[in-house]
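Visitor: Contents are compact mmCIF, C-alpha atoms and all ligand atoms; file name protein-v2.txt:
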```
# COMPACT_ATOMS: atom_id res chain seq x y z
CA MET A 1 -21.61 10.26 -2.01
CA LYS A 2 -17.86 10.83 -2.01
CA MET A 3 -18.20 13.07 1.04
CA ALA A 4 -20.21 10.40 2.84
CA LEU A 5 -17.57 7.78 2.09
CA ARG A 6 -14.83 10.12 3.24
CA ALA A 7 -16.69 10.70 6.49
CA CYS A 8 -17.09 6.95 6.86
CA LEU A 9 -13.37 6.35 6.27
CA ARG A 10 -12.43 8.97 8.81
CA THR A 11 -14.68 7.81 11.61
CA LYS A 12 -13.46 4.23 11.67
CA PRO A 13 -12.18 3.63 15.17
CA GLY A 14 -8.71 2.34 14.34
CA LEU A 15 -6.72 -0.55 13.03
CA THR A 16 -8.70 -3.26 14.81
CA ALA A 17 -11.95 -2.03 13.37
CA LEU A 18 -10.38 -1.64 9.97
CA LEU A 19 -9.09 -5.17 10.09
CA SER A 20 -12.36 -6.66 11.22
CA GLN A 21 -14.33 -4.69 8.66
CA LEU A 22 -11.97 -5.70 5.91
CA SER A 23 -11.73 -9.33 6.78
CA CYS A 24 -15.42 -9.96 7.28
CA SER A 25 -18.33 -7.65 6.91
CA GLY A 26 -16.79 -4.55 5.35
CA HIS A 27 -16.27 -5.80 1.85
CA ALA A 28 -19.43 -7.82 1.77
CA ALA A 29 -21.51 -4.91 2.99
CA ALA A 30 -19.87 -2.63 0.49
CA ARG A 31 -20.56 -5.05 -2.33
CA ARG A 32 -24.25 -4.98 -1.46
CA ALA A 33 -24.45 -1.20 -1.56
CA PRO A 34 -25.83 -0.37 -5.01
CA ALA A 35 -25.05 3.31 -4.69
CA LEU A 36 -21.35 2.51 -4.51
CA VAL A 37 -21.10 0.37 -7.65
CA ALA A 38 -18.40 1.80 -9.91
CA GLN A 39 -19.14 2.92 -13.45
CA ARG A 40 -17.99 0.34 -15.95
CA SER A 41 -16.78 2.80 -18.51
CA SER A 42 -13.48 4.67 -18.23
CA SER A 43 -13.87 7.17 -15.46
CA SER A 44 -11.87 9.75 -13.57
CA THR A 45 -12.44 9.35 -9.85
CA SER A 46 -10.81 12.56 -8.69
CA GLN A 47 -8.38 15.12 -9.92
CA LYS A 48 -5.53 13.23 -8.31
CA ILE A 49 -6.56 9.74 -9.35
CA LYS A 50 -7.54 8.67 -12.84
CA VAL A 51 -8.96 5.21 -13.31
CA ASP A 52 -9.23 3.59 -16.72
CA PHE A 53 -11.34 0.47 -16.61
CA ASP A 54 -11.37 -1.90 -19.56
CA GLN A 55 -14.50 -3.93 -19.12
CA SER A 56 -13.56 -6.49 -21.76
CA SER A 57 -10.42 -7.55 -19.90
CA GLY A 58 -11.69 -6.76 -16.41
CA VAL A 59 -8.54 -4.74 -15.76
CA ALA A 60 -8.41 -1.24 -14.31
CA VAL A 61 -5.42 1.05 -14.40
CA MET A 62 -5.13 3.54 -11.56
CA HIS A 63 -2.97 6.53 -12.51
CA MET A 64 -1.68 8.53 -9.57
CA GLN A 65 -1.54 12.13 -10.69
CA SER A 66 -0.85 14.24 -7.64
CA PRO A 67 1.95 16.66 -8.59
CA PRO A 68 4.75 16.98 -8.12
CA VAL A 69 5.65 13.56 -6.68
CA ASN A 70 2.45 11.70 -5.67
CA SER A 71 3.25 12.24 -2.02
CA LEU A 72 0.64 10.52 0.10
CA SER A 73 -1.29 13.29 1.86
CA LEU A 74 -4.50 12.67 3.78
CA GLU A 75 -6.51 13.98 0.86
CA PHE A 76 -4.67 11.90 -1.70
CA LEU A 77 -4.78 8.75 0.44
CA THR A 78 -8.52 9.19 0.86
CA ASP A 79 -8.98 9.54 -2.89
CA VAL A 80 -6.89 6.42 -3.50
CA CYS A 81 -9.00 4.48 -0.98
CA ILE A 82 -12.27 5.64 -2.49
CA ALA A 83 -11.12 4.72 -5.99
CA LEU A 84 -9.97 1.31 -4.81
CA GLU A 85 -13.18 0.68 -2.89
CA LYS A 86 -15.25 1.48 -5.97
CA LEU A 87 -13.26 -0.96 -8.09
CA GLU A 88 -13.42 -3.60 -5.38
CA MET A 89 -17.20 -3.40 -5.41
CA ASP A 90 -17.43 -3.94 -9.14
CA LYS A 91 -17.23 -7.70 -9.50
CA SER A 92 -16.33 -7.41 -13.18
CA CYS A 93 -13.07 -5.71 -12.17
CA ARG A 94 -10.60 -8.52 -11.47
CA GLY A 95 -7.25 -6.85 -11.91
CA LEU A 96 -5.76 -3.52 -10.95
CA VAL A 97 -2.56 -1.93 -12.20
CA VAL A 98 -1.37 1.04 -10.17
CA THR A 99 1.03 3.47 -11.77
CA SER A 100 2.11 7.10 -11.80
CA SER A 101 1.36 9.89 -14.23
CA GLN A 102 4.15 11.97 -12.74
CA PRO A 103 7.50 11.89 -14.51
CA LYS A 104 10.34 10.05 -12.76
CA VAL A 105 8.39 9.28 -9.58
CA PHE A 106 6.01 6.47 -8.67
CA SER A 107 5.32 7.92 -5.23
CA ALA A 108 7.55 9.91 -2.86
CA GLY A 109 5.90 8.19 0.10
CA LEU A 110 4.03 9.85 2.89
CA ASP A 111 3.55 13.56 2.51
CA ILE A 112 6.06 15.00 4.92
CA LEU A 113 4.23 18.32 5.00
CA ASP A 114 1.07 16.52 6.10
CA MET A 115 2.90 14.92 9.04
CA TYR A 116 4.69 17.97 10.39
CA GLY A 117 3.23 20.59 12.71
CA LYS A 118 -0.36 19.33 12.41
CA SER A 119 -2.92 18.84 15.15
CA PRO A 120 -3.15 15.46 16.93
CA GLU A 121 -6.57 15.03 15.29
CA HIS A 122 -5.10 15.54 11.85
CA CYS A 123 -2.26 13.12 12.62
CA ALA A 124 -4.78 10.50 13.76
CA GLU A 125 -6.78 10.93 10.55
CA PHE A 126 -3.62 10.83 8.52
CA TRP A 127 -2.32 7.59 10.02
CA LYS A 128 -5.75 6.00 9.76
CA ALA A 129 -5.72 6.82 6.07
CA VAL A 130 -2.24 5.32 5.64
CA GLN A 131 -3.41 2.11 7.32
CA GLU A 132 -6.59 2.12 5.29
CA MET A 133 -4.64 2.32 2.05
CA TRP A 134 -2.33 -0.46 3.16
CA LEU A 135 -5.21 -2.70 4.26
CA LYS A 136 -7.25 -2.10 1.15
CA PHE A 137 -4.40 -2.92 -1.22
CA TYR A 138 -3.02 -5.82 0.80
CA GLY A 139 -6.45 -7.33 1.39
CA SER A 140 -7.77 -6.69 -2.10
CA ASN A 141 -9.70 -9.41 -3.89
CA MET A 142 -8.32 -8.15 -7.17
CA ILE A 143 -4.95 -9.10 -8.61
CA THR A 144 -2.84 -6.01 -8.08
CA ILE A 145 0.27 -5.09 -10.04
CA ALA A 146 2.46 -2.07 -9.34
CA ALA A 147 3.87 -0.52 -12.50
CA VAL A 148 6.70 1.34 -10.79
CA ASN A 149 7.69 3.87 -13.42
CA GLY A 150 9.90 6.02 -11.20
CA SER A 151 11.42 6.36 -7.76
CA SER A 152 9.46 4.86 -4.93
CA PRO A 153 10.89 5.62 -1.49
CA ALA A 154 9.34 4.85 1.91
CA GLY A 155 5.52 4.87 1.74
CA GLY A 156 5.77 4.60 -2.05
CA CYS A 157 7.71 1.38 -1.62
CA LEU A 158 5.12 0.18 0.89
CA LEU A 159 2.35 0.83 -1.62
CA SER A 160 4.15 -1.20 -4.27
CA MET A 161 4.82 -4.04 -1.81
CA THR A 162 1.11 -4.42 -1.05
CA CYS A 163 0.63 -5.44 -4.67
CA ASP A 164 0.88 -9.01 -5.93
CA TYR A 165 3.59 -8.18 -8.47
CA ARG A 166 6.00 -5.30 -9.12
CA ILE A 167 7.41 -4.22 -12.45
CA MET A 168 9.96 -1.42 -12.31
CA ALA A 169 11.49 0.86 -14.92
CA ASP A 170 15.07 -0.16 -15.55
CA ASN A 171 16.56 3.28 -15.00
CA PRO A 172 19.52 3.46 -12.59
CA ARG A 173 18.46 6.97 -11.58
CA TYR A 174 15.41 5.55 -9.87
CA SER A 175 15.40 4.00 -6.43
CA ILE A 176 13.06 2.06 -4.21
CA GLY A 177 13.13 1.04 -0.55
CA LEU A 178 12.11 1.80 2.99
CA ASN A 179 14.51 4.63 3.80
CA GLU A 180 12.76 5.83 6.97
CA THR A 181 15.82 5.14 9.15
CA LYS A 182 17.83 7.66 7.13
CA LEU A 183 15.14 10.22 7.89
CA GLY A 184 15.32 9.49 11.60
CA ILE A 185 11.96 7.75 11.59
CA VAL A 186 11.23 4.20 12.70
CA ALA A 187 9.23 2.33 10.08
CA PRO A 188 6.07 0.95 11.74
CA PHE A 189 6.00 -2.81 12.27
CA TRP A 190 3.44 -3.31 9.54
CA PHE A 191 5.82 -1.63 7.06
CA LYS A 192 8.46 -4.08 8.27
CA ASP A 193 6.12 -7.09 8.07
CA THR A 194 5.14 -6.19 4.53
CA MET A 195 8.79 -6.08 3.56
CA VAL A 196 9.54 -9.37 5.33
CA ASN A 197 6.72 -10.95 3.31
CA THR A 198 8.28 -9.57 0.15
CA VAL A 199 12.05 -10.06 0.51
CA GLY A 200 12.47 -12.17 3.63
CA HIS A 201 13.79 -11.55 7.10
CA ARG A 202 17.50 -10.88 6.60
CA ALA A 203 17.10 -8.58 3.60
CA THR A 204 14.49 -6.60 5.55
CA GLU A 205 16.76 -6.37 8.57
CA MET A 206 19.54 -4.89 6.43
CA ALA A 207 17.16 -2.62 4.54
CA LEU A 208 15.58 -1.16 7.65
CA GLN A 209 18.68 -0.93 9.82
CA LEU A 210 20.51 1.00 7.12
CA GLY A 211 17.52 2.75 5.53
CA LEU A 212 18.57 1.42 2.15
CA LEU A 213 17.29 2.70 -1.15
CA TYR A 214 17.94 0.22 -3.95
CA SER A 215 18.60 0.78 -7.63
CA PRO A 216 16.24 -1.18 -9.88
CA ALA A 217 18.94 -3.84 -10.47
CA GLU A 218 19.58 -4.22 -6.72
CA ALA A 219 15.85 -4.31 -6.02
CA LEU A 220 15.44 -7.11 -8.53
CA LYS A 221 18.31 -9.02 -6.94
CA ILE A 222 16.74 -9.05 -3.48
CA GLY A 223 13.22 -9.64 -4.84
CA LEU A 224 11.87 -6.23 -3.91
CA VAL A 225 10.66 -5.97 -7.49
CA ASP A 226 9.83 -8.91 -9.74
CA GLN A 227 10.75 -7.61 -13.17
CA LEU A 228 12.64 -4.77 -14.82
CA VAL A 229 11.68 -3.42 -18.19
CA HIS A 230 12.48 -0.39 -20.26
CA GLU A 231 10.80 2.73 -18.99
CA ASP A 232 8.43 2.88 -21.95
CA GLN A 233 7.32 -0.71 -21.42
CA VAL A 234 6.32 -0.64 -17.76
CA LEU A 235 2.59 -0.20 -18.25
CA THR A 236 2.23 -2.50 -21.26
CA THR A 237 4.23 -5.21 -19.49
CA ALA A 238 2.00 -4.79 -16.45
CA THR A 239 -1.17 -5.32 -18.46
CA GLU A 240 0.35 -8.32 -20.28
CA THR A 241 1.42 -9.81 -16.97
CA MET A 242 -2.05 -9.22 -15.60
CA THR A 243 -3.50 -11.40 -18.37
CA LYS A 244 -1.38 -14.30 -17.14
CA TRP A 245 -2.44 -13.81 -13.53
CA LEU A 246 -6.08 -13.54 -14.47
CA ALA A 247 -5.86 -16.82 -16.38
CA ILE A 248 -5.47 -18.55 -13.00
CA PRO A 249 -8.87 -19.51 -11.60
CA GLY A 250 -9.99 -16.59 -9.44
CA ILE A 251 -10.82 -18.67 -6.42
CA LEU A 252 -7.18 -19.76 -6.14
CA ASN A 253 -5.90 -16.20 -6.30
CA ILE A 254 -8.33 -15.11 -3.63
CA SER A 255 -7.45 -18.07 -1.47
CA TYR A 256 -3.71 -17.27 -1.62
CA THR A 257 -4.35 -13.62 -0.85
CA CYS A 258 -6.47 -14.63 2.13
CA HIS A 259 -3.74 -17.05 3.19
CA PHE A 260 -1.05 -14.36 3.27
CA PHE A 261 -3.37 -11.90 4.93
CA HIS A 262 -4.29 -14.52 7.52
CA LEU A 263 -0.58 -15.06 8.20
CA TRP A 264 -0.15 -11.35 8.71
CA CYS A 265 -3.11 -11.25 11.14
CA CYS A 266 -1.51 -14.10 13.12
CA ASN A 267 1.71 -12.10 13.24
CA LEU A 268 -0.22 -9.08 14.46
CA VAL A 269 -1.76 -11.08 17.31
CA CYS A 270 1.68 -12.43 18.25
CA THR A 271 3.14 -8.92 18.19
CA ILE A 272 0.38 -7.59 20.43
CA CYS A 273 0.87 -10.52 22.86
CA SER A 274 4.60 -9.92 22.88
CA CYS A 275 4.08 -6.19 23.59
CA VAL A 276 1.73 -7.01 26.46
CA CYS A 277 4.30 -9.46 27.87
CA GLN A 278 7.02 -6.83 27.62
CA VAL A 279 4.87 -4.28 29.43
CA ILE A 280 4.07 -6.80 32.18
CA ALA A 281 7.75 -7.75 32.46
CA ALA A 282 8.78 -4.09 32.62
CA LYS A 283 6.23 -3.44 35.35
CA LYS A 284 7.51 -6.44 37.32
CA ILE A 285 11.08 -5.17 37.05
CA HIS A 286 9.91 -1.75 38.12
CA LEU A 287 8.05 -3.22 41.09
CA SER A 288 10.99 -5.39 42.14
CA GLN A 289 13.25 -2.33 42.01
CA ASP A 290 10.88 -0.53 44.37
CA PHE A 291 11.44 -3.15 47.04
C1 LIG B 301 6.86 6.12 10.20
C2 LIG B 301 6.90 6.02 8.69
C3 LIG B 301 7.05 7.33 8.18
C4 LIG B 301 7.24 7.74 6.97
C5 LIG B 301 7.19 7.02 5.76
C6 LIG B 301 7.38 7.95 4.61
O1 LIG B 301 6.91 7.66 3.56
S1 LIG B 301 8.21 9.42 4.90
C7 LIG B 301 8.48 10.10 3.29
C8 LIG B 301 9.78 9.66 2.81
N1 LIG B 301 9.99 10.13 1.48
C9 LIG B 301 11.19 10.44 1.02
O2 LIG B 301 12.18 10.33 1.69
C10 LIG B 301 11.23 10.94 -0.39
C11 LIG B 301 11.81 12.31 -0.47
N2 LIG B 301 11.80 12.77 -1.82
C12 LIG B 301 12.71 12.40 -2.73
O3 LIG B 301 13.60 11.59 -2.52
C13 LIG B 301 12.60 13.04 -4.08
O4 LIG B 301 11.77 14.15 -3.97
C14 LIG B 301 12.05 12.10 -5.17
C15 LIG B 301 10.74 11.44 -4.78
C16 LIG B 301 13.09 11.03 -5.50
C17 LIG B 301 11.80 12.93 -6.46
O5 LIG B 301 12.98 13.62 -6.78
P1 LIG B 301 12.88 14.82 -7.84
O6 LIG B 301 14.27 15.32 -8.00
O7 LIG B 301 12.15 14.38 -9.04
O8 LIG B 301 11.95 15.92 -7.15
P2 LIG B 301 12.34 16.92 -5.94
O9 LIG B 301 13.19 16.27 -4.95
O10 LIG B 301 12.85 18.19 -6.56
O11 LIG B 301 10.91 17.17 -5.29
C18 LIG B 301 9.90 17.89 -5.99
C19 LIG B 301 9.01 18.52 -4.94
O12 LIG B 301 8.34 17.50 -4.21
C20 LIG B 301 8.53 17.72 -2.80
N3 LIG B 301 8.54 16.41 -2.11
C21 LIG B 301 9.35 15.39 -2.37
N4 LIG B 301 9.07 14.35 -1.56
C22 LIG B 301 8.05 14.76 -0.76
C23 LIG B 301 7.31 14.14 0.29
N5 LIG B 301 7.56 12.86 0.70
N6 LIG B 301 6.35 14.84 0.89
C24 LIG B 301 6.09 16.11 0.52
N7 LIG B 301 6.75 16.76 -0.49
C25 LIG B 301 7.72 16.09 -1.10
C26 LIG B 301 9.87 18.42 -2.74
O13 LIG B 301 10.01 19.09 -1.52
C27 LIG B 301 9.78 19.36 -3.92
O14 LIG B 301 8.95 20.43 -3.54
P3 LIG B 301 9.30 21.91 -4.05
O15 LIG B 301 8.23 22.76 -3.47
O16 LIG B 301 9.28 21.86 -5.55
O17 LIG B 301 10.66 22.22 -3.52
```
Output the structure of this file as structure tokens.
Ligand SMILES: CC/C=C\CC(=O)SCCNC(=O)CCNC(=O)[C@H](O)C(C)(C)COP(=O)(O)OP(=O)(O)OC[C@H]1O[C@@H](n2cnc3c(N)ncnc32)[C@H](O)[C@@H]1OP(=O)(O)O
Guide:
Amino acid sequence: MKMALRACLRTKPGLTALLSQLSCSGHAAARRAPALVAQRSSSSTSQKIKVDFDQSSGVAVMHMQSPPVNSLSLEFLTDVCIALEKLEMDKSCRGLVVTSSQPKVFSAGLDILDMYGKSPEHCAEFWKAVQEMWLKFYGSNMITIAAVNGSSPAGGCLLSMTCDYRIMADNPRYSIGLNETKLGIVAPFWFKDTMVNTVGHRATEMALQLGLLYSPAEALKIGLVDQLVHEDQVLTTATETMTKWLAIPGILNISYTCHFFHLWCCNLVCTICSCVCQVIAAKKIHLSQDF
């Protein structure tokens, strides 16, 4: 079954299809598929992901356990997506806390070794999986809380920003942010948009231009995380916070999530239109130079 789902994830024809599947038929179809219904007891989805589901509270905790630093490889991303999809299909699961089992690190971001020197086919699969993870978390019907119990650069920061709420360990040795610029990489626009939605336009501009990594205190100041707690309290605080969120009538939570996701889709359409306009303008300039 897992293999079939993996194959399904990997043959999706791109972001547009992912978006349309997520926003309309994908989730509904998945919910109807009895073979995909998650077990309601505590279960371990894969070696790299452990999911503890407490049926009485309706809260699942996803532990990322991909040593050494939970870097997001194609394999790991696929496992994360499968685990999330299973939880999404179980209507009794209303809240998800995502955290790390690795010491000192939430996630080191995209697996650099999985991006370098690979075939174009592998790169396409890889980026599809990154988008899939982002879409699944951002568009989730569950309340999602990131229990950031360690450093969370780049893609790790993105993962935490797709959650509804972020609690970080108050340890000045840890850092969080989109540091791609410092690595000589341009963060994709959907990384940028996710950050704009989290901390606003100006803070994102600074963060991306300078490739800033923030200490927990700085991250709290700009709103990149919502709460700092002692390292030992991150997970317990996350589950306590979840109780408060779940006390809000579910329909309202879902409606807000849809609202923000809708806003993002509108932005995407605008971005595409703007790109098309730029291409047309560039072609016109090119043509006028020919004459
Ligand atoms: C277009 C958008 C593109 C990209 C978005 C991205 O996400 S790119 C990835 C950006 N990630 C980073 O810049 C993080 C780099 N890593 C670190 O800063 C530190 O490793 C970290 C996470 C703070 C942990 O530090 P710590 O001191 O605990 O571990 P150490 O540095 O010794 O690393 C342990 C081993 O993990 C390997 N590793 C670290 N990060 C990655 C990664 N992103 N991908 C793959 N592998 C990674 C590191 O090389 C060490 O390996 P080893 O074999 O033990 O030497």
Visitor: To one decimal place, how far is CA of Phe106 in chain A from atom C10 of ligand LIG 301 (chain B) in Å?
Guide: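 Separation between CA of Phe106 in chain A and atom C10 of ligand LIG 301 (chain B): 10.8 Å.
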Visitor: Measuring atom to atom with all atoms listed in the file, identify which of A:Glu231, A:Glu180, A:Glu205, A:Asp193 is nearest to Ile167 in chain A.
Guide: A:Glu231
Visitor: Name the residues, by chain letter and number, that sit within 9 Å of ligand LIG 301 (chain B) using only C-alpha atoms and all ligand atoms, and give them as a ChimeraX atom specification.
Guide: /A:67-73,103-115,150-158,174-175,178-183,185-188,191
Visitor: Which of these residues is nearest to Cys81 in chain A, using all atoms listed in the file: A:Ser100, A:Gln131, A:Gln55, A:Thr162?
Guide: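 Nearest to Cys81 in chain A: A:Gln131.
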Visitor: Using Å and a single decimal, report how far CA of Val225 in chain A sits from CA of Asn171 in chain A.
Guide: 13.3 Å
Visitor: Give as a PyMOL selection string the set of residues within 12 Å of the point (-4.3, -1.1, -4.4), where distances use the file's coordinates and all atoms listed in the file.
Guide: chain A and resi 51+60-64+77+79-88+95-99+132-147+156+158-165
Visitor: Can you tell me which residues surround Pro172 in chain A at a distance of at most 8 Å, considering only C-alpha atoms, apart from same-chain residues fewer than 6 positions away, and format the answer as a PyMOL selection string?
Guide: chain A and resi 215-217
Visitor: Find the residue from A:Gln47, A:Asn149, A:Asn197, A:Thr237 that sits nearest to Ala169 in chain A; use all atoms listed in the file when measuring.
Guide: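 Closest to Ala169 in chain A, using all atoms listed in the file: A:Asn149.
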Visitor: In Å, with one decimal, what is the gap from CA of Thr271 in chain A to CA of His201 in chain A?
Guide: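 Computed distance, CA of Thr271 in chain A to CA of His201 in chain A, equals 15.6 Å.
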Visitor: Residues at most 6 Å from Leu224 in chain A, counting only C-alpha atoms, excluding those fewer than 4 positions away in the same chain, as a ChimeraX atom specification?
Guide: /A:199,219-220
